[in-house]
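Data file: data.csv. Format and content: CSV, C-alpha atoms and all ligand atoms.
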```csv
chain,number,residue,atom,x,y,z
M,1,MET,CA,57.8,63.0,-245.6
M,2,ALA,CA,57.4,66.8,-245.5
M,3,GLU,CA,54.7,66.6,-248.2
M,4,GLN,CA,52.8,64.0,-246.1
M,5,ALA,CA,53.1,66.3,-243.0
M,6,LYS,CA,51.7,69.2,-245.0
M,7,GLU,CA,48.9,67.0,-246.4
M,8,ARG,CA,48.0,66.1,-242.8
M,9,ASN,CA,48.2,69.7,-241.7
M,10,PRO,CA,47.8,72.1,-244.6
M,11,GLY,CA,48.1,75.1,-242.4
M,12,CYS,CA,51.5,74.1,-241.1
M,13,THR,CA,54.4,76.3,-242.2
M,14,GLY,CA,57.0,74.4,-240.3
M,15,CYS,CA,56.7,70.9,-241.7
M,16,GLU,CA,60.2,70.7,-243.0
M,17,GLU,CA,61.8,67.7,-244.5
M,18,ALA,CA,62.8,65.1,-241.9
M,19,SER,CA,64.8,62.1,-243.1
M,20,GLU,CA,64.3,58.7,-241.6
M,21,GLU,CA,67.6,59.1,-239.9
M,22,GLU,CA,66.4,62.3,-238.2
M,23,LEU,CA,63.1,60.6,-237.1
M,24,LEU,CA,65.1,57.6,-235.7
M,25,ARG,CA,67.3,60.1,-233.8
M,26,ARG,CA,64.2,61.6,-232.3
M,27,LEU,CA,62.9,58.1,-231.4
M,28,ASP,CA,66.3,57.3,-229.7
M,29,GLU,CA,65.8,60.4,-227.5
M,30,VAL,CA,62.3,59.2,-226.5
M,31,ILE,CA,63.6,55.7,-225.7
M,32,ALA,CA,66.5,57.1,-223.7
M,33,ASN,CA,64.0,59.2,-221.7
M,34,TYR,CA,61.7,56.3,-221.0
M,35,LYS,CA,63.9,53.2,-220.8
M,36,THR,CA,64.3,53.2,-217.0
M,37,ARG,CA,60.6,53.9,-216.3
M,38,PRO,CA,58.3,51.0,-215.6
M,39,GLY,CA,55.6,50.4,-218.3
M,40,ALA,CA,57.6,52.4,-220.8
M,41,LEU,CA,56.5,50.4,-223.9
M,42,ILE,CA,53.1,51.9,-224.6
M,43,PRO,CA,54.1,55.6,-224.1
M,44,VAL,CA,57.2,55.0,-226.3
M,45,LEU,CA,55.0,53.5,-229.0
M,46,GLN,CA,52.6,56.4,-228.7
M,47,MET,CA,55.5,58.9,-229.1
M,48,ALA,CA,56.9,56.9,-231.9
M,49,GLN,CA,53.6,57.0,-233.7
M,50,GLY,CA,53.5,60.7,-233.2
M,51,ILE,CA,57.0,61.0,-234.7
M,52,PHE,CA,56.5,58.8,-237.8
M,53,GLY,CA,52.7,59.1,-238.2
M,54,TYR,CA,52.5,55.3,-237.9
M,55,LEU,CA,54.7,52.5,-236.6
M,56,PRO,CA,57.1,51.2,-239.3
M,57,GLU,CA,59.0,48.0,-238.7
M,58,VAL,CA,62.3,49.9,-238.3
M,59,ALA,CA,60.9,51.8,-235.4
M,60,LEU,CA,59.5,48.7,-233.7
M,61,LYS,CA,62.8,47.0,-233.9
M,62,ARG,CA,64.5,50.1,-232.5
M,63,ILE,CA,62.1,50.2,-229.6
M,64,ALA,CA,62.5,46.5,-228.9
M,65,ARG,CA,66.2,46.8,-228.8
M,66,GLY,CA,66.2,50.1,-226.8
M,67,LEU,CA,63.8,48.8,-224.1
M,68,GLY,CA,65.4,45.3,-224.0
M,69,LYS,CA,62.2,43.5,-225.2
M,70,SER,CA,61.7,41.0,-227.9
M,71,TYR,CA,60.4,42.2,-231.3
M,72,SER,CA,57.5,39.8,-231.0
M,73,GLU,CA,56.4,41.3,-227.7
M,74,VAL,CA,56.5,44.8,-229.1
M,75,ALA,CA,54.6,43.7,-232.3
M,76,GLY,CA,52.1,41.9,-230.1
M,77,VAL,CA,51.3,45.0,-228.1
M,78,VAL,CA,50.9,47.0,-231.4
M,79,SER,CA,48.5,44.5,-232.9
M,80,PHE,CA,46.5,44.4,-229.6
M,81,TYR,CA,45.6,48.0,-229.4
M,82,SER,CA,43.5,49.6,-232.2
M,83,PHE,CA,45.2,53.0,-231.6
M,84,PHE,CA,48.4,51.8,-233.1
M,85,SER,CA,48.9,51.4,-236.8
M,86,THR,CA,51.8,49.8,-238.8
M,87,VAL,CA,50.6,51.3,-242.1
M,88,PRO,CA,50.4,55.1,-242.9
M,89,ARG,CA,47.0,56.4,-242.2
M,90,GLY,CA,44.9,58.7,-244.3
M,91,ARG,CA,44.5,62.5,-243.6
M,92,ASN,CA,41.2,61.7,-241.8
M,93,LEU,CA,40.8,58.7,-239.5
M,94,ILE,CA,37.3,57.3,-239.3
M,95,ARG,CA,36.5,55.0,-236.4
M,96,VAL,CA,33.1,53.2,-236.2
M,97,CYS,CA,31.9,52.1,-232.8
M,98,LEU,CA,30.8,48.5,-232.7
M,99,GLY,CA,30.2,48.4,-229.0
M,100,THR,CA,26.9,46.9,-227.9
M,101,ALA,CA,24.7,50.0,-227.9
M,102,CYS,CA,26.0,51.2,-231.3
M,103,TYR,CA,25.8,47.7,-232.8
M,104,VAL,CA,22.2,47.3,-231.8
M,105,ARG,CA,21.3,50.7,-233.1
M,106,GLY,CA,22.8,50.2,-236.5
M,107,GLY,CA,26.5,50.6,-236.2
M,108,MET,CA,27.2,47.8,-238.7
M,109,LYS,CA,24.9,49.4,-241.2
M,110,VAL,CA,26.8,52.6,-240.8
M,111,LEU,CA,30.1,50.7,-241.3
M,112,GLU,CA,28.8,49.0,-244.4
M,113,ALA,CA,27.7,52.3,-245.8
M,114,LEU,CA,31.2,53.8,-245.2
M,115,LYS,CA,32.9,50.8,-246.7
M,116,LYS,CA,30.7,51.1,-249.8
M,117,HIS,CA,31.1,54.8,-250.1
M,118,LEU,CA,34.9,54.8,-249.7
M,119,GLY,CA,35.5,51.6,-251.6
M,120,ILE,CA,37.8,50.3,-248.8
M,121,ASP,CA,37.5,47.7,-246.0
M,122,VAL,CA,38.3,48.1,-242.3
M,123,GLY,CA,42.0,48.8,-241.7
M,124,GLU,CA,42.4,50.2,-245.2
M,125,THR,CA,43.1,53.7,-246.5
M,126,THR,CA,41.6,55.3,-249.7
M,127,PRO,CA,44.1,55.5,-252.6
M,128,ASP,CA,44.1,59.3,-252.3
M,129,ARG,CA,45.1,59.0,-248.6
M,130,GLU,CA,42.1,61.0,-247.6
M,131,PHE,CA,40.4,58.5,-245.3
M,132,SER,CA,41.3,55.5,-243.2
M,133,LEU,CA,38.6,53.3,-241.8
M,134,GLU,CA,38.8,51.5,-238.5
M,135,VAL,CA,36.4,50.0,-235.9
M,136,ALA,CA,36.4,50.5,-232.2
M,137,ARG,CA,34.5,49.4,-229.1
M,138,CYS,CA,32.6,52.1,-227.2
M,139,PHE,CA,33.6,55.7,-227.0
M,140,GLY,CA,31.4,56.1,-223.9
M,141,ALA,CA,28.7,58.0,-225.7
M,142,CYS,CA,26.3,55.0,-225.9
M,143,GLY,CA,23.2,57.3,-225.4
M,144,LEU,CA,24.1,59.0,-228.7
M,145,SER,CA,24.6,55.8,-230.7
M,146,PRO,CA,25.4,54.9,-233.3
M,147,VAL,CA,28.6,56.9,-233.0
M,148,ILE,CA,31.6,57.4,-235.2
M,149,THR,CA,34.6,59.5,-234.7
M,150,ILE,CA,36.5,61.3,-237.5
M,151,ASN,CA,39.8,62.6,-236.2
M,152,ASP,CA,39.0,64.2,-232.9
M,153,ASN,CA,35.3,64.8,-233.7
M,154,VAL,CA,32.4,62.6,-232.5
M,155,HIS,CA,29.4,62.3,-234.8
M,156,HIS,CA,26.4,60.9,-233.1
M,157,ARG,CA,23.2,59.2,-234.2
M,158,VAL,CA,24.8,58.7,-237.6
M,159,LYS,CA,22.5,57.4,-240.3
M,160,PRO,CA,23.8,55.1,-243.1
M,161,THR,CA,22.1,57.3,-245.7
M,162,ARG,CA,24.0,60.4,-244.4
M,163,VAL,CA,27.6,59.1,-244.5
M,164,ALA,CA,28.4,60.8,-247.8
M,165,GLU,CA,27.2,64.1,-246.4
M,166,VAL,CA,29.3,63.6,-243.3
M,167,LEU,CA,32.4,62.7,-245.2
M,168,ALA,CA,32.0,65.6,-247.6
M,169,GLN,CA,32.5,68.0,-244.7
M,170,TYR,CA,36.1,66.7,-244.4
M,171,ALA,CA,36.9,67.2,-248.0
M,172,SER,CA,37.5,70.9,-247.4
M,173,ASN,CA,39.7,72.4,-244.8
M,174,ASP,CA,36.7,74.1,-243.2
M,175,GLY,CA,36.1,71.1,-241.0
M,176,PRO,CA,32.8,69.5,-240.1
M,177,GLN,CA,29.6,71.6,-240.3
M,178,ASP,CA,27.6,69.0,-238.3
M,179,GLN,CA,27.0,69.4,-234.7
M,180,VAL,CA,30.0,67.4,-233.4
M,181,VAL,CA,31.7,66.9,-230.1
M,182,ARG,CA,35.4,66.8,-229.6
M,183,ALA,CA,36.5,63.3,-228.5
M,184,ASP,CA,38.2,64.7,-225.4
M,185,GLU,CA,35.0,66.5,-224.4
M,186,VAL,CA,32.7,63.5,-224.7
M,187,GLN,CA,31.3,62.4,-221.4
M,188,ALA,CA,29.9,58.9,-220.7
M,189,THR,CA,26.3,58.8,-221.7
M,190,THR,CA,25.4,55.4,-220.5
M,191,GLU,CA,23.4,56.5,-217.6
M,192,GLY,CA,19.7,55.8,-218.0
M,193,LEU,CA,20.4,53.2,-220.7
M,194,GLU,CA,18.8,49.9,-220.3
M,195,VAL,CA,21.2,47.1,-220.8
M,196,PRO,CA,20.6,45.6,-224.2
M,197,ARG,CA,19.5,42.0,-224.0
M,198,PRO,CA,20.7,39.4,-226.5
M,199,GLY,CA,18.4,39.6,-229.5
M,200,GLY,CA,16.6,42.5,-228.0
M,201,GLU,CA,16.5,46.2,-228.9
M,202,VAL,CA,15.9,47.6,-225.5
M,203,ILE,CA,17.8,50.9,-225.2
M,204,ALA,CA,16.3,54.0,-223.9
M,205,ASP,CA,16.6,57.0,-226.2
M,206,GLU,CA,18.0,60.4,-225.2
M,207,ALA,CA,19.9,59.1,-222.2
M,208,PRO,CA,21.1,61.9,-220.0
M,209,VAL,CA,24.7,62.9,-220.2
M,210,GLY,CA,26.4,61.6,-217.1
M,211,PRO,CA,29.3,63.3,-215.2
M,212,SER,CA,31.5,60.3,-215.6
M,213,GLU,CA,35.0,60.5,-216.9
M,214,ALA,CA,35.9,61.8,-220.3
M,215,VAL,CA,36.4,59.2,-222.9
M,216,SER,CA,39.7,58.4,-224.3
M,217,ALA,CA,39.8,56.7,-227.7
M,218,GLY,CA,43.4,56.1,-227.2
M,219,ALA,CA,45.7,53.2,-226.8
M,220,GLY,CA,43.6,51.7,-224.0
M,221,GLU,CA,41.1,50.5,-226.5
M,222,ARG,CA,41.5,46.9,-227.7
M,223,ARG,CA,40.9,45.9,-231.3
M,224,VAL,CA,37.4,44.4,-231.7
M,301,LIG,S1,28.7,51.4,-227.6
M,301,LIG,FE1,29.2,53.0,-229.0
M,301,LIG,S2,29.6,54.6,-227.8
M,301,LIG,FE2,29.2,53.0,-226.4
```
Mind converting the file's structure to structure tokens?
Amino acid sequence: MAEQAKERNPGCTGCEEASEEELLRRLDEVIANYKTRPGALIPVLQMAQGIFGYLPEVALKRIARGLGKSYSEVAGVVSFYSFFSTVPRGRNLIRVCLGTACYVRGGMKVLEALKKHLGIDVGETTPDREFSLEVARCFGACGLSPVITINDNVHHRVKPTRVAEVLAQYASNDGPQDQVVRADEVQATTEGLEVPRPGGEVIADEAPVGPSEAVSAGAGERRV
């Protein structure tokens, strides 16, 4: 467990061993804090994923019992939102946008290139636990499509021929050298976009960045 924490955050000097018992104790504290609040399930799941790194079955059962819900209800919520994962993720989480603008502008080709390069399918993690691959629906940066996120960084106008180059930047601890935007800094860029028509390719390029709300690639995003 401690080794996994250090792998995820090599600079961390405080990633001490935490047994499952200790992690469950932390989860119990979270449940106790939230159990009387309305709509507690999603924040508790988010906290649990922060504690474990993913959502193991033992945690889901604990949450169901603690919040007085059925296991199937809890598991259903977890499977509904792409943010949640019931399997350990890799050190770097790649999410490919398959929203309409990104799809029309080649998002699927980018996804295929990533799958081929990594040798994994959507929802899987590379054997060395370096990369996990997921899909998502619209990060609110449609004017910069096709868009992918890697961890908290947004890579825009990604070309299938460049995926190896992009991923190589995450092989070192130096982080991306590309011009990237932090996910929490992305502003909706749909203004000025023409609505893509079925079978058409009508999307204006270089759409202006709008002042709309920042994008959250969090639990509010449904699986596509
Ligand atoms: S459709 Fe991909 S960012 Fe909006």
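Among the candidates M:Thr86, M:Asn153, M:Thr100, M:Gln169, the one nearest to Ala136 (chain M) when counting all atoms listed in the file is M:Thr100.
Here atom FE1 of ligand LIG 301 (chain M) stands at a distance of 25.8 Å from CA of Leu45 (chain M).
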Counting all atoms listed in the file, figure out which residue out of M:Val135, M:Ala48, M:Cys97, M:Val30 gets nearest to ligand LIG 301 (chain M). M:Cys97
Residues within 7 Å of region 54-64 of chain M, please, as a VMD selection string. Count all atoms listed in the file; anything in the same chain fewer than 2 positions from it doesn't count. chain M and resid 31 48 to 49 52 66 to 71 74 85 to 88
Let me see the file: selected residues, C-alpha atoms, as a compact mmCIF listing (two decimals), in the frame of the given file.
```txt
# COMPACT_ATOMS: atom_id res chain seq x y z
CA ILE M 31 63.60 55.70 -225.70
CA ALA M 48 56.90 56.90 -231.90
CA GLN M 49 53.60 57.00 -233.70
CA PHE M 52 56.50 58.80 -237.80
CA GLY M 66 66.20 50.10 -226.80
CA LEU M 67 63.80 48.80 -224.10
CA GLY M 68 65.40 45.30 -224.00
CA LYS M 69 62.20 43.50 -225.20
CA SER M 70 61.70 41.00 -227.90
CA TYR M 71 60.40 42.20 -231.30
CA VAL M 74 56.50 44.80 -229.10
CA SER M 85 48.90 51.40 -236.80
CA THR M 86 51.80 49.80 -238.80
CA VAL M 87 50.60 51.30 -242.10
CA PRO M 88 50.40 55.10 -242.90
```
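You will find CA of Leu98 (chain M) at 27.0 Å from CA of Met47 (chain M).
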Given only C-alpha atoms as the counted atoms, nearest of M:Asp128, M:Asp28, M:Glu73, M:Glu165 to Leu114 (chain M): M:Glu165
Which protein, DNA or RNA residues have an atom within 6 Å of ligand LIG 301 (chain M), counting all atoms listed in the file, as a ChimeraX atom specification? /M:97,99-102,138-142,145,147
